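To start, the structure itself, in structure tokens.
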Amino acid sequence: MSKGFDAFKMAQDQFDQIAETLDLEAGVRAFLREPMREYHFTIPVHMDDGSVQVFRGFRVQHSDVRGPCKGGIRFHPDETISTVKALATWMTWKCAVVDIPLGGGRGVVICNPHELSMREQEQICRGWIPNVWRNIGPVHDIPAPVVLTTPQHMLWMMDEYETLKGGKYPGVITGKPVGSGGSLGRTEATGYGAIYAVREALKRLGIDIKGATMACQGFGNVTQYAADLFIQYGGKVLCVSCWDQKDMKAYTYRKMDGIDLDFVMSITDRFGTLDAGKAIEAGYEQLPGDAWIETEADVLLPGALENQINADTVGKIHPRVKVVAEGANGPTTPEADVVLKERGIFNIPDFLCNAGGVTCSYFEQVQNNMNYYWEKEEVLSKLDTKMTTAFHAVADLAESQSLYMRDAAYMIAIDRVANAARLRGLV
Amino acid sequence: MTPHNSDNTVPENKPEWKIILRLLNETDPELLSRLSRKMLNYLFRKKVVKISEIMEKLLPKQVDASGPNSNYGENQPAPRMDYKILEEITTQVFRVAEEVLSPEEITLALHRWIRHEKIRFLSTTAGRRDVPLGQLREALDKYEMLPKQSKKMEARDRENITVGLTRRVLTDDLNYINTIRKHVSISDFANIINHTIGPYNGNGKVGGKAAGLFRAEMILNTYKKSHTVLRNLKVPKTWFIASDAVLEFISHNALEEMMAIKYARQDEIRQEYHLLEQVFKHSIMPYSVLAGLEHALDYFETTPIIVRSSSLLEDSTGAAFAGKYKSLFVANQGTRQQRLDALVDAVLEIYASIFGPDPIEYRRERGLLDFNEEMGILIQEVVGSKIGKYYFPPFAGVAFSRNDYRWSPRIKAEDGIVRIVAGLGTRAVDRTGQDFPVLMSPGQPKLRINVTTEELIRYSQKEMDVVNLEKGCLETVSTEKIIREYGAGIPCLPYMVSLYDEGHIQLSPGSMLNIQQKDTILTFHNLLERSPVPLFFKTVLSILEDEMGLPVDIEFAYGRDIHTPYLLQCRPQSVGRDRADITIPSGIDTDRIVFTANKYIMSGACHNIEYMVYVSGTEYDTIESREKLLEVGQIVGKLNNTLPQKKFILIGPGRWGSKGDIKLGVHVGYSDINNTAMLIEVAKMKKGQLPDLSFGTHFFQDLVEADIKYLPLYPDDKDVIFREDLLTKQKNLLTSFVHGTEEFARIIKVIRVSDIAADTSLSVILNGETDQAVAYMN
């Protein structure tokens with residue numbers, strides 16, 4: 001490998017580090033360091049202009065020892081096999097930490113949907129399936145939409161799979177719209193899941209969630225539902241932040257006696273941007289974008305962007321802060337992690353904190369397989385149970401072995417996968 | 001004159017033509033003479049040998065002009081013929097005719113020519129470039145009243161008249177005349193003149209905008225039979241104010257001294273302009289114009305109207321003048337007097353805008369200051385319908401036959417581009433920077449810029465322009481609010497919206513009832529996928545470009561449904577610039593060139609660039625951690641906020657704005673690059689593979705609306721220049737702009753152009769027509 005950043009190498013380094021801590025035997029290490037299977041194939045497509053273009057497709061199944069693989073399919077011209085392998089690996093750990101019986105997978109087609117007509121995109125979707133249809137499916141590997149793929153793409157793939165397989169198999173793919181096999185509660189899942197974990201963390205710290213305070217970064221889907229549930233539990237959300245397209249910068253909107261969520265939602269557009277004028281008029285302070293981190297609150301919830309808590313900003317965290325709940329992916333840099341550890345701030349790491357999304361995908365698949373669909377309350381109640389159990393398992397380990405939560409989460413995840421492999425007699 | 005028979009007796013069974021000639025000989029010898037001339041031509045065209053012989057015999061022999069006895073030659077006037085010879089020719093013509101033509105043919109020809117004589121008044125009128133408007137109107141009215149039979153004439157006579165009328169009414173531009181002559185009829189002119197307001201004795205024209213629209217309409221009309229998609233194409237009801245009406249207004253109010261303002265300094269013009277506008281508004285409109293405006297108001301009734309400038313400079317100089325003069329909406333509501341006052345106010349404001357600081361500056365820059373101030377005006381009905389208290393078309397916009405903004409190498413410049421908005425087209429014509437029209441390339445209508453849910457939402461139109469009939473003004477309203485309020489009452493809505501539900505977008509809403517209760521996004525998905533609209537634009541743009549022989553842009557609006565397009569304007573394509581601006585200068589010293597490119601080039605130019613920010617691909621590839629890769633993007637963001645706006649260009653490896661594998665391009669958001677003049681992606685061969693570029697798709701519509709140019713560079717291609725040494729071996733100012741970035745100095749270079757060559761700045765010219773670009777120091 002040439003010098004330079006390599007995503008899969010990074011995933012392997014991370015694994016090696018945990019494997020060392022867990023003192024995994026060499027066979028297990030060798031087995032989990034690499035994906036179990038990689039499918040590389042070509043998809044010829046008859047373009048609208050009559051020419052034929054051949055696209056490259058991949059599906060990587062990192063591990064299915066705990067259950068069928070699960071992971072997105074991405075359409076992207078940027079994608080490389082290294083990234084696909086890395087993301088498949090992380091997916092294995094993510095499913096394991098929240099203890100759902102799924103493994104990790106990831107797929108891609110190297111293409112740019114911006115340069116393809118809808119018909120051509122449909123051809124790619126339908127052309128992807130015949131290459132792997134024997135190797136995916138509700139009991140093998142379940143894809144889902146991620147960057148640049150949409151529910152429409154998934155439905156074309158599902159349709160093609162069902163044609164080849166001969167039967168109805170909505171559980172072959174998740175992320176479908178409600179009414180086409182999707183699950184209720186999907187929208188709330190990630191935000192609510194984060195707060196189930198926060199609730200349990202506060203319990204362990206002896207802080208009553210009623211009257212507890214939270215400062216949020218972002219105001220997209222995750223933060224909106226997290227704020228909603230936190231307020232339902234009697235807590236106060238003191239601030240949210242958002243990107244302002246007009247001013248080309250981010251703002252934090254703060255109200256120290258707690259935001260009125262209904263009001264804030266009523267002045268927010270689909271991107272989570274607040275109407276500055278109306279917010280200020282209603283007595284909200286408009287502060288710089290990173291002011292959320294300085295807010296005197298019990299909980300910090302970085303909910304939208306990566307690298308928000310970094311070497312420069314970690315020092316600004318108010319002494320009152322007891323919990324950092326990582327609703328977004330990768331909000332804390334390794335340098336900031338060191339400071340959080342030193343200060344004894346309780347961290348709920350991203351792949352545990354935001355696992356509500358993948359858990360709900362798992363629920364969608366379960367409902368598909370039995371062809372019976374739950375009410376939203378039932379979905380959310382099952383999500384609560386899963387998140388709570390997963391959280392305590394990690395927190396118990398962290399407490400008993402005096403580990404940082406992020407390390408404990410990785411250890412528990414990798415240990416679960418390693419155990420499953422051993423029990424099967426694979427290693 | 002005795003053409004044939006001089007004995008004054010009419011034998012029995014004498015053919016009719018002889019009787020006619022005899023009668024004319026007695027009653028109208030002049031007409032007889034013209035008829036003889038026509039017969040002479042007729043026989044000549046039939047290649048009758050005898051006629052040639054007669055001519056040869058009667059006409060003086062051609063002699064060698066250079067010979068010693070030459071009295072005349074090619075550089076001297078030919079001698080006048082003896083009148084008797086002419087008379088003799090005339091006499092003999094009918095003798096020959098009798099020999100070679102049948103009596104019926106001669107009679108028929110005479111009938112036809114005599115009928116033509118009835119409309120000779122029209123060719124006489126049309127041939128005069130200074131014929132007063134009143135006389136022209138009377139002549140055309142008289143022509144229109146003639147029975148159909150009497151209007152028949154030979155093609156060349158008709159063409160002669162239409163060319164004359166074109167010159168008188170529209171323009172002297174030869175290219176224009178050539179492109180319109182075969183598409184236009186006399187009645188078409190009658191229609192213009194009957195809707196033209198101006199002094200009775202005036203000889204003004206209707207101006208460039210009106211002429212452009214008229215030409216496009218005439219061209220497209222001739223294609224309606226062969227192209228069904230054009231059949232319902234219309235032009236809104238229009239009245240014209242002749243260009244000299246403004247001069248009449250100025251002299252009527254003794255405002256001549258105001259005209260000298262154009263020779264004042266720019267700051268003086270700015271200072272005085274406001275006063276001038278008010279002086280104009282408080283002056284009196286000459287009666288001839290006022291009466292015309294009243295007629296127009298009767299014609300438009302209470303439909304909202306738009307009053308647009310139609311400058312003579314636009315067509316006679318080739319200068320674009322895009323957006324330099326005003327276009328004003330008039331709600332046209334209230335009492336008759338109120339409506340008239342509002343219309344007069346609008347016209348006067350446009351007259352005042354002739355002397356506005358921006359148009360004057362524009363003219364000064366192009367040496368057009370001394371051109372006279374005549375300006376025509378178009379008064380057009382606003383296309384649309386009344387929806388509640390508002391009036392607007394379901395959708396409208398602008399279309400260009402050349403696509404300067406290509407988001408994929410599959411799209412060629414000649415595929416064109418259309419900017420579509422809901423409501424009035426103003427938001428498509430202007431760039432708001434914050435709100436977005438839907439972009440479609442008619443040659444590749446299936447290739448979308450926005451694909452993901454996030455892109456579809458972010459780059460959808462949030463506000464629309466409408467006429468508020470109650471307030472009597474133009475208003476910007478929220479699209480969501482309008483759709484919620486009026487829903488299915490808005491024509492074409494199912495073609496315009498997609499539904500948003502819990503993070504999913506249902507692109508095609510079908511025949512959705514209760515659309516008001518749904519969360520809607522303007523995507524125009526069904527319009528682009530399931531309507532004849534893309535084909536319409538492809539057809540219109542290619543016909544107009546072919547016929548006019550140059551790229552064109554049009555403004556359009558749709559009426560009650562997707563089958564009723566209206567053409568509002570048509571002119572040579574200009575995106576707020578002149579074509580001359582993108583001509584690559586010849587003979588640029590090679591030493592001064594920084595880079596060149598020869599594929600996927602959009603049109604545009606950036607001048608006075610002071611800095612170049614270069615992210616070295618070779619160095620970027622060596623970064624080992626994701627954090628450091630992200631930091632490169634953050635530093636670019638800081639440079640973007642520090643360097644002087646629009647005075648720098650960004651050059652980087654691969655795909656700007658990469659999100660997934662950010663090794664393939666610098667991870668930046670739009671706010672990290674929004675101040676650059678140009679975004680450049682370098683595709684350098686790596687291990688035998690050429691990386692794909694993004695073509696700016698990560699923030700494509702932001703680039704379009706902010707007019708940030710995009711350029712891909714392929715340094716490994718033959719015949720291109722890429723002086724990487726100028727970007728890497730010069731003094732790097734990175735750390736002086738962003739402190740604490742020493743470790744990135746090998747990766748990010750900030751080069752001041754004047755450090756390379758003193759007192760220079762960088763110009764980058766992009767010529768999409770020739771697919772060539774060059775960046776050079778000047």
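Residue names in the structure tokens use chain letters A, B, ... in the order shown, residue numbers from 1 in each chain, and ligand numbers from 1 in the order shown.
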
Counting only C-alpha atoms, what are the residues of chain B within 9 Å of chain A, and for each of them which pair of atoms is the nearest and at what distance in Å, to one decimal? Sort the table by chain and rising number, as JSON lines.
```
{"residue": "B:Trp407", "atom": "CA", "partner": "A:Glu115", "partner_atom": "CA", "distance": 7.5}
{"residue": "B:Ser408", "atom": "CA", "partner": "A:Glu115", "partner_atom": "CA", "distance": 5.5}
{"residue": "B:Pro409", "atom": "CA", "partner": "A:Glu115", "partner_atom": "CA", "distance": 8.1}
{"residue": "B:Arg410", "atom": "CA", "partner": "A:Glu115", "partner_atom": "CA", "distance": 7.1}
{"residue": "B:Ile411", "atom": "CA", "partner": "A:Glu115", "partner_atom": "CA", "distance": 8.7}
{"residue": "B:Gly433", "atom": "CA", "partner": "A:Lys246", "partner_atom": "CA", "distance": 8.7}
{"residue": "B:Gln434", "atom": "CA", "partner": "A:Lys246", "partner_atom": "CA", "distance": 6.5}
{"residue": "B:Gln444", "atom": "CA", "partner": "A:Ser117", "partner_atom": "CA", "distance": 8.6}
{"residue": "B:Pro445", "atom": "CA", "partner": "A:Ser117", "partner_atom": "CA", "distance": 8.2}
{"residue": "B:Lys446", "atom": "CA", "partner": "A:Ser117", "partner_atom": "CA", "distance": 4.6}
{"residue": "B:Leu447", "atom": "CA", "partner": "A:Ser117", "partner_atom": "CA", "distance": 4.8}
{"residue": "B:Arg448", "atom": "CA", "partner": "A:His114", "partner_atom": "CA", "distance": 5.6}
{"residue": "B:Ile449", "atom": "CA", "partner": "A:His114", "partner_atom": "CA", "distance": 5.2}
{"residue": "B:Asn450", "atom": "CA", "partner": "A:His114", "partner_atom": "CA", "distance": 6.6}
{"residue": "B:Val451", "atom": "CA", "partner": "A:His114", "partner_atom": "CA", "distance": 6.2}
{"residue": "B:Thr452", "atom": "CA", "partner": "A:Leu148", "partner_atom": "CA", "distance": 5.5}
{"residue": "B:Thr453", "atom": "CA", "partner": "A:Thr150", "partner_atom": "CA", "distance": 7.6}
{"residue": "B:Glu454", "atom": "CA", "partner": "A:Phe271", "partner_atom": "CA", "distance": 8.4}
{"residue": "B:Ile457", "atom": "CA", "partner": "A:Arg270", "partner_atom": "CA", "distance": 7.8}
{"residue": "B:Arg458", "atom": "CA", "partner": "A:Phe271", "partner_atom": "CA", "distance": 7.7}
{"residue": "B:Asp501", "atom": "CA", "partner": "A:Pro177", "partner_atom": "CA", "distance": 8.7}
{"residue": "B:Glu502", "atom": "CA", "partner": "A:Thr187", "partner_atom": "CA", "distance": 6.4}
{"residue": "B:Gly503", "atom": "CA", "partner": "A:Thr187", "partner_atom": "CA", "distance": 7.5}
{"residue": "B:His504", "atom": "CA", "partner": "A:Pro177", "partner_atom": "CA", "distance": 6.8}
{"residue": "B:Ile505", "atom": "CA", "partner": "A:Pro151", "partner_atom": "CA", "distance": 8.6}
{"residue": "B:Gln506", "atom": "CA", "partner": "A:Gln152", "partner_atom": "CA", "distance": 8.6}
{"residue": "B:Tyr620", "atom": "CA", "partner": "A:Gly4", "partner_atom": "CA", "distance": 8.3}
{"residue": "B:Asp621", "atom": "CA", "partner": "A:Gly4", "partner_atom": "CA", "distance": 5.6}
{"residue": "B:Thr622", "atom": "CA", "partner": "A:Gly4", "partner_atom": "CA", "distance": 4.3}
{"residue": "B:Ile623", "atom": "CA", "partner": "A:Gly4", "partner_atom": "CA", "distance": 4.8}
{"residue": "B:Glu624", "atom": "CA", "partner": "A:Phe5", "partner_atom": "CA", "distance": 3.9}
{"residue": "B:Ser625", "atom": "CA", "partner": "A:Phe5", "partner_atom": "CA", "distance": 5.2}
{"residue": "B:Arg626", "atom": "CA", "partner": "A:Phe5", "partner_atom": "CA", "distance": 6.4}
{"residue": "B:Glu627", "atom": "CA", "partner": "A:Thr333", "partner_atom": "CA", "distance": 8.2}
{"residue": "B:Leu629", "atom": "CA", "partner": "A:Phe5", "partner_atom": "CA", "distance": 8.2}
{"residue": "B:Arg655", "atom": "CA", "partner": "A:Asp78", "partner_atom": "CA", "distance": 8.2}
{"residue": "B:Ser658", "atom": "CA", "partner": "A:Asp78", "partner_atom": "CA", "distance": 7.5}
{"residue": "B:Lys659", "atom": "CA", "partner": "A:Asp78", "partner_atom": "CA", "distance": 8.5}
{"residue": "B:Gly660", "atom": "CA", "partner": "A:Asp78", "partner_atom": "CA", "distance": 6.9}
{"residue": "B:Asp661", "atom": "CA", "partner": "A:Asp78", "partner_atom": "CA", "distance": 6.1}
{"residue": "B:Ile662", "atom": "CA", "partner": "A:Asp78", "partner_atom": "CA", "distance": 8.1}
{"residue": "B:Lys663", "atom": "CA", "partner": "A:Phe5", "partner_atom": "CA", "distance": 6.9}
{"residue": "B:Leu664", "atom": "CA", "partner": "A:Asp78", "partner_atom": "CA", "distance": 6.5}
{"residue": "B:Gly665", "atom": "CA", "partner": "A:Asp78", "partner_atom": "CA", "distance": 8.7}
{"residue": "B:Tyr670", "atom": "CA", "partner": "A:Met248", "partner_atom": "CA", "distance": 8.6}
{"residue": "B:Ser671", "atom": "CA", "partner": "A:Met248", "partner_atom": "CA", "distance": 5.8}
{"residue": "B:Asn674", "atom": "CA", "partner": "A:Met248", "partner_atom": "CA", "distance": 8.8}
{"residue": "B:Asp692", "atom": "CA", "partner": "A:Pro77", "partner_atom": "CA", "distance": 7.2}
{"residue": "B:Leu693", "atom": "CA", "partner": "A:Pro77", "partner_atom": "CA", "distance": 8.7}
{"residue": "B:Ser694", "atom": "CA", "partner": "A:Pro77", "partner_atom": "CA", "distance": 8.4}
{"residue": "B:Thr697", "atom": "CA", "partner": "A:His114", "partner_atom": "CA", "distance": 7.4}
```

6 Å contact set for stretch 387-394 of chain A, only C-alpha atoms, chain neighbours under 4 positions out, as a list in words: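 That gives Val98, Ala408 and Ala409 of chain A.
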
Residues within 12 Å of B:Arg128, only C-alpha atoms, excluding chain neighbours under 5 positions, as number ranges by chain: B: 121-123, 133, 135-136, 160-161, 163-169, 203

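Near B:Pro653, within 9 Å and counting only C-alpha atoms, sit Tyr614, Val615, Ser616, Gly617, Thr618, Tyr620, Leu664, Gly665, Val666, Ile680, Glu681, Val682, Ala683, Lys684 and Leu693 of chain B; same-chain residues fewer than 6 positions away were not included.
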
Could those residues be written to a file, using C-alpha atoms, as a short mmCIF file (atom, residue, chain, number, x, y, z; two decimals), in the first residue's frame?
```
data_model
loop_
_atom_site.label_atom_id
_atom_site.label_comp_id
_atom_site.auth_asym_id
_atom_site.auth_seq_id
_atom_site.Cartn_x
_atom_site.Cartn_y
_atom_site.Cartn_z
CA TYR B 614 -3.04 25.37 -5.02
CA VAL B 615 -3.47 22.09 -3.17
CA SER B 616 -0.74 19.84 -4.53
CA GLY B 617 -2.11 16.47 -5.51
CA THR B 618 1.23 14.74 -5.05
CA TYR B 620 -2.09 15.55 -0.62
CA LEU B 664 -9.95 11.63 -3.69
CA GLY B 665 -10.51 15.32 -3.14
CA VAL B 666 -10.43 18.01 -0.49
CA ILE B 680 -10.47 24.14 -10.59
CA GLU B 681 -10.11 20.38 -10.35
CA VAL B 682 -6.92 18.71 -11.55
CA ALA B 683 -7.18 15.17 -12.94
CA LYS B 684 -3.62 13.89 -12.93
CA LEU B 693 -13.66 14.73 -11.40
#
```

Test item: residues at most 7 Å from stretch 699-702 of chain B, only C-alpha atoms, excluding those fewer than 3 positions along its chain, as a ChimeraX atom specification: /B:459,670,696,705-706

8 Å contact set for stretch 761-775 of chain B, only C-alpha atoms, chain neighbours under 2 positions out, as a list of chain:residue names: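 That gives B:Asp404, B:Ala413, B:Asp581, B:Ile582, B:Thr583, B:Ile584, B:Ile593, B:Val594, B:Phe595, B:Thr596, B:Ala597, B:Asn598, B:Lys599, B:Tyr600, B:Ile601, B:Met602, B:Ser603, B:Gly604, B:Ala605, B:Cys606, B:His607, B:Asn608, B:Ile609, B:Glu610, B:Val753, B:Ser754, B:Asp759, B:Met777, B:Asn778.
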
Straight-line distance linking atom CA of A:Pro319 with atom CA of A:Ile345, stated in Å to one decimal: 9.5 Å

Pull the strand (DSSP E or B) assignments for stretch 183-336 of chain A out of DSSP run on the backbone, and list those residues as an mmCIF file with N, CA, C and O atoms, in the first residue's frame.
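Okay, this is what ended up in selection.cif:
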```
data_model
loop_
_atom_site.group_PDB
_atom_site.id
_atom_site.type_symbol
_atom_site.label_atom_id
_atom_site.label_comp_id
_atom_site.auth_asym_id
_atom_site.auth_seq_id
_atom_site.Cartn_x
_atom_site.Cartn_y
_atom_site.Cartn_z
ATOM 1 N N THR A 213 -30.186 19.133 32.396
ATOM 2 C CA THR A 213 -30.115 20.047 31.243
ATOM 3 C C THR A 213 -29.204 19.472 30.169
ATOM 4 O O THR A 213 -28.255 18.750 30.466
ATOM 5 N N MET A 214 -29.531 19.822 28.911
ATOM 6 C CA MET A 214 -28.759 19.285 27.791
ATOM 7 C C MET A 214 -28.491 20.391 26.757
ATOM 8 O O MET A 214 -29.380 21.220 26.480
ATOM 9 N N ALA A 215 -27.284 20.420 26.215
ATOM 10 C CA ALA A 215 -26.943 21.361 25.138
ATOM 11 C C ALA A 215 -26.670 20.541 23.881
ATOM 12 O O ALA A 215 -25.928 19.565 23.935
ATOM 13 N N CYS A 216 -27.301 20.938 22.795
ATOM 14 C CA CYS A 216 -27.215 20.123 21.570
ATOM 15 C C CYS A 216 -26.481 20.861 20.455
ATOM 16 O O CYS A 216 -26.651 22.074 20.282
ATOM 17 N N GLN A 217 -25.705 20.090 19.702
ATOM 18 C CA GLN A 217 -25.113 20.626 18.475
ATOM 19 C C GLN A 217 -25.946 20.093 17.311
ATOM 20 O O GLN A 217 -26.242 18.907 17.237
ATOM 21 N N LYS A 236 -34.429 19.655 30.443
ATOM 22 C CA LYS A 236 -34.503 20.919 29.708
ATOM 23 C C LYS A 236 -33.412 20.944 28.643
ATOM 24 O O LYS A 236 -32.252 20.640 28.945
ATOM 25 N N VAL A 237 -33.799 21.324 27.447
ATOM 26 C CA VAL A 237 -32.795 21.508 26.389
ATOM 27 C C VAL A 237 -32.480 23.000 26.342
ATOM 28 O O VAL A 237 -33.388 23.822 26.163
ATOM 29 N N LEU A 238 -31.225 23.344 26.566
ATOM 30 C CA LEU A 238 -30.880 24.764 26.695
ATOM 31 C C LEU A 238 -30.525 25.414 25.360
ATOM 32 O O LEU A 238 -30.715 26.607 25.187
ATOM 33 N N CYS A 239 -29.992 24.602 24.460
ATOM 34 C CA CYS A 239 -29.632 25.213 23.177
ATOM 35 C C CYS A 239 -29.567 24.173 22.063
ATOM 36 O O CYS A 239 -29.415 22.973 22.335
ATOM 37 N N VAL A 240 -29.716 24.665 20.864
ATOM 38 C CA VAL A 240 -29.479 23.848 19.674
ATOM 39 C C VAL A 240 -28.644 24.728 18.735
ATOM 40 O O VAL A 240 -28.628 25.945 18.896
ATOM 41 N N SER A 241 -27.968 24.104 17.792
ATOM 42 C CA SER A 241 -27.229 24.940 16.849
ATOM 43 C C SER A 241 -27.626 24.544 15.438
ATOM 44 O O SER A 241 -28.156 23.453 15.215
ATOM 45 N N CYS A 242 -27.397 25.438 14.502
ATOM 46 C CA CYS A 242 -27.743 25.092 13.120
ATOM 47 C C CYS A 242 -26.927 25.922 12.159
ATOM 48 O O CYS A 242 -26.381 26.955 12.504
ATOM 49 N N TRP A 243 -26.869 25.439 10.949
ATOM 50 C CA TRP A 243 -26.172 26.124 9.866
ATOM 51 C C TRP A 243 -27.131 27.116 9.237
ATOM 52 O O TRP A 243 -28.282 26.771 8.960
ATOM 53 N N ASP A 244 -26.659 28.338 9.044
ATOM 54 C CA ASP A 244 -27.513 29.334 8.388
ATOM 55 C C ASP A 244 -26.999 29.567 6.972
ATOM 56 O O ASP A 244 -25.926 30.134 6.766
ATOM 57 N N LYS A 249 -22.863 30.718 7.934
ATOM 58 C CA LYS A 249 -22.194 30.291 9.161
ATOM 59 C C LYS A 249 -23.195 29.647 10.103
ATOM 60 O O LYS A 249 -24.404 29.765 9.899
ATOM 61 N N ALA A 250 -22.638 28.987 11.138
ATOM 62 C CA ALA A 250 -23.511 28.297 12.087
ATOM 63 C C ALA A 250 -23.827 29.223 13.264
ATOM 64 O O ALA A 250 -23.042 30.121 13.584
ATOM 65 N N TYR A 251 -24.979 29.020 13.852
ATOM 66 C CA TYR A 251 -25.353 29.761 15.051
ATOM 67 C C TYR A 251 -25.817 28.774 16.113
ATOM 68 O O TYR A 251 -26.365 27.716 15.791
ATOM 69 N N THR A 252 -25.645 29.178 17.379
ATOM 70 C CA THR A 252 -26.269 28.447 18.473
ATOM 71 C C THR A 252 -27.424 29.317 18.961
ATOM 72 O O THR A 252 -27.258 30.527 19.124
ATOM 73 N N TYR A 253 -28.584 28.727 19.138
ATOM 74 C CA TYR A 253 -29.724 29.465 19.698
ATOM 75 C C TYR A 253 -29.951 28.941 21.107
ATOM 76 O O TYR A 253 -30.167 27.744 21.291
ATOM 77 N N ARG A 254 -29.879 29.837 22.076
ATOM 78 C CA ARG A 254 -29.877 29.384 23.461
ATOM 79 C C ARG A 254 -30.977 30.068 24.275
ATOM 80 O O ARG A 254 -31.282 31.240 24.065
ATOM 81 N N THR A 268 -38.525 26.186 12.101
ATOM 82 C CA THR A 268 -37.374 25.468 11.552
ATOM 83 C C THR A 268 -37.719 24.865 10.192
ATOM 84 O O THR A 268 -38.795 24.297 10.023
ATOM 85 N N LEU A 274 -33.054 27.331 11.891
ATOM 86 C CA LEU A 274 -34.068 28.148 12.552
ATOM 87 C C LEU A 274 -34.190 29.496 11.857
ATOM 88 O O LEU A 274 -33.194 30.019 11.340
ATOM 89 N N GLU A 285 -31.196 33.624 22.565
ATOM 90 C CA GLU A 285 -29.918 34.290 22.284
ATOM 91 C C GLU A 285 -29.348 33.676 21.010
ATOM 92 O O GLU A 285 -29.342 32.454 20.877
ATOM 93 N N GLN A 286 -28.872 34.541 20.122
ATOM 94 C CA GLN A 286 -28.195 34.008 18.932
ATOM 95 C C GLN A 286 -26.692 34.127 19.167
ATOM 96 O O GLN A 286 -26.160 35.224 19.254
ATOM 97 N N LEU A 287 -26.035 32.983 19.296
ATOM 98 C CA LEU A 287 -24.618 32.962 19.654
ATOM 99 C C LEU A 287 -23.821 32.307 18.535
ATOM 100 O O LEU A 287 -24.395 31.674 17.652
ATOM 101 N N PRO A 288 -22.492 32.430 18.591
ATOM 102 C CA PRO A 288 -21.684 31.765 17.552
ATOM 103 C C PRO A 288 -21.963 30.261 17.501
ATOM 104 O O PRO A 288 -22.404 29.674 18.491
ATOM 105 N N VAL A 299 -25.613 17.499 30.102
ATOM 106 C CA VAL A 299 -25.342 16.608 28.969
ATOM 107 C C VAL A 299 -24.989 17.431 27.737
ATOM 108 O O VAL A 299 -25.630 18.438 27.450
ATOM 109 N N LEU A 300 -23.962 16.989 27.010
ATOM 110 C CA LEU A 300 -23.694 17.575 25.692
ATOM 111 C C LEU A 300 -24.064 16.528 24.648
ATOM 112 O O LEU A 300 -23.683 15.366 24.767
ATOM 113 N N LEU A 301 -24.819 16.957 23.660
ATOM 114 C CA LEU A 301 -25.204 16.017 22.599
ATOM 115 C C LEU A 301 -24.739 16.562 21.248
ATOM 116 O O LEU A 301 -25.440 17.350 20.617
ATOM 117 N N PRO A 302 -23.523 16.193 20.818
ATOM 118 C CA PRO A 302 -23.141 16.576 19.451
ATOM 119 C C PRO A 302 -23.936 15.690 18.476
ATOM 120 O O PRO A 302 -23.727 14.485 18.450
ATOM 121 N N ILE A 309 -15.815 18.073 18.864
ATOM 122 C CA ILE A 309 -15.068 18.169 20.122
ATOM 123 C C ILE A 309 -13.632 17.781 19.780
ATOM 124 O O ILE A 309 -13.322 16.613 19.551
ATOM 125 N N VAL A 323 -21.982 14.230 30.937
ATOM 126 C CA VAL A 323 -22.151 13.211 29.903
ATOM 127 C C VAL A 323 -21.957 13.833 28.513
ATOM 128 O O VAL A 323 -22.486 14.913 28.246
ATOM 129 N N VAL A 324 -21.199 13.146 27.670
ATOM 130 C CA VAL A 324 -21.167 13.519 26.251
ATOM 131 C C VAL A 324 -21.788 12.353 25.480
ATOM 132 O O VAL A 324 -21.265 11.236 25.497
ATOM 133 N N ALA A 325 -22.933 12.603 24.848
ATOM 134 C CA ALA A 325 -23.632 11.547 24.105
ATOM 135 C C ALA A 325 -23.416 11.790 22.619
ATOM 136 O O ALA A 325 -23.885 12.795 22.075
ATOM 137 N N THR A 332 -15.901 13.301 18.250
ATOM 138 C CA THR A 332 -14.801 13.571 19.171
ATOM 139 C C THR A 332 -13.488 13.072 18.571
ATOM 140 O O THR A 332 -13.400 11.923 18.138
#
```

Expected answer as a PyMOL selection string: helix (DSSP H, G or I) residues in stretch 196-304 of chain B: chain B and resi 208-222+228-230+245-252+256-263+266-281+287-300

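Minimum atom-to-atom distance to A:Arg59, evaluated using only C-alpha atoms, belongs to A:Ile110 out of A:Ala282, A:Ile110, A:Ala398, A:Ala212.
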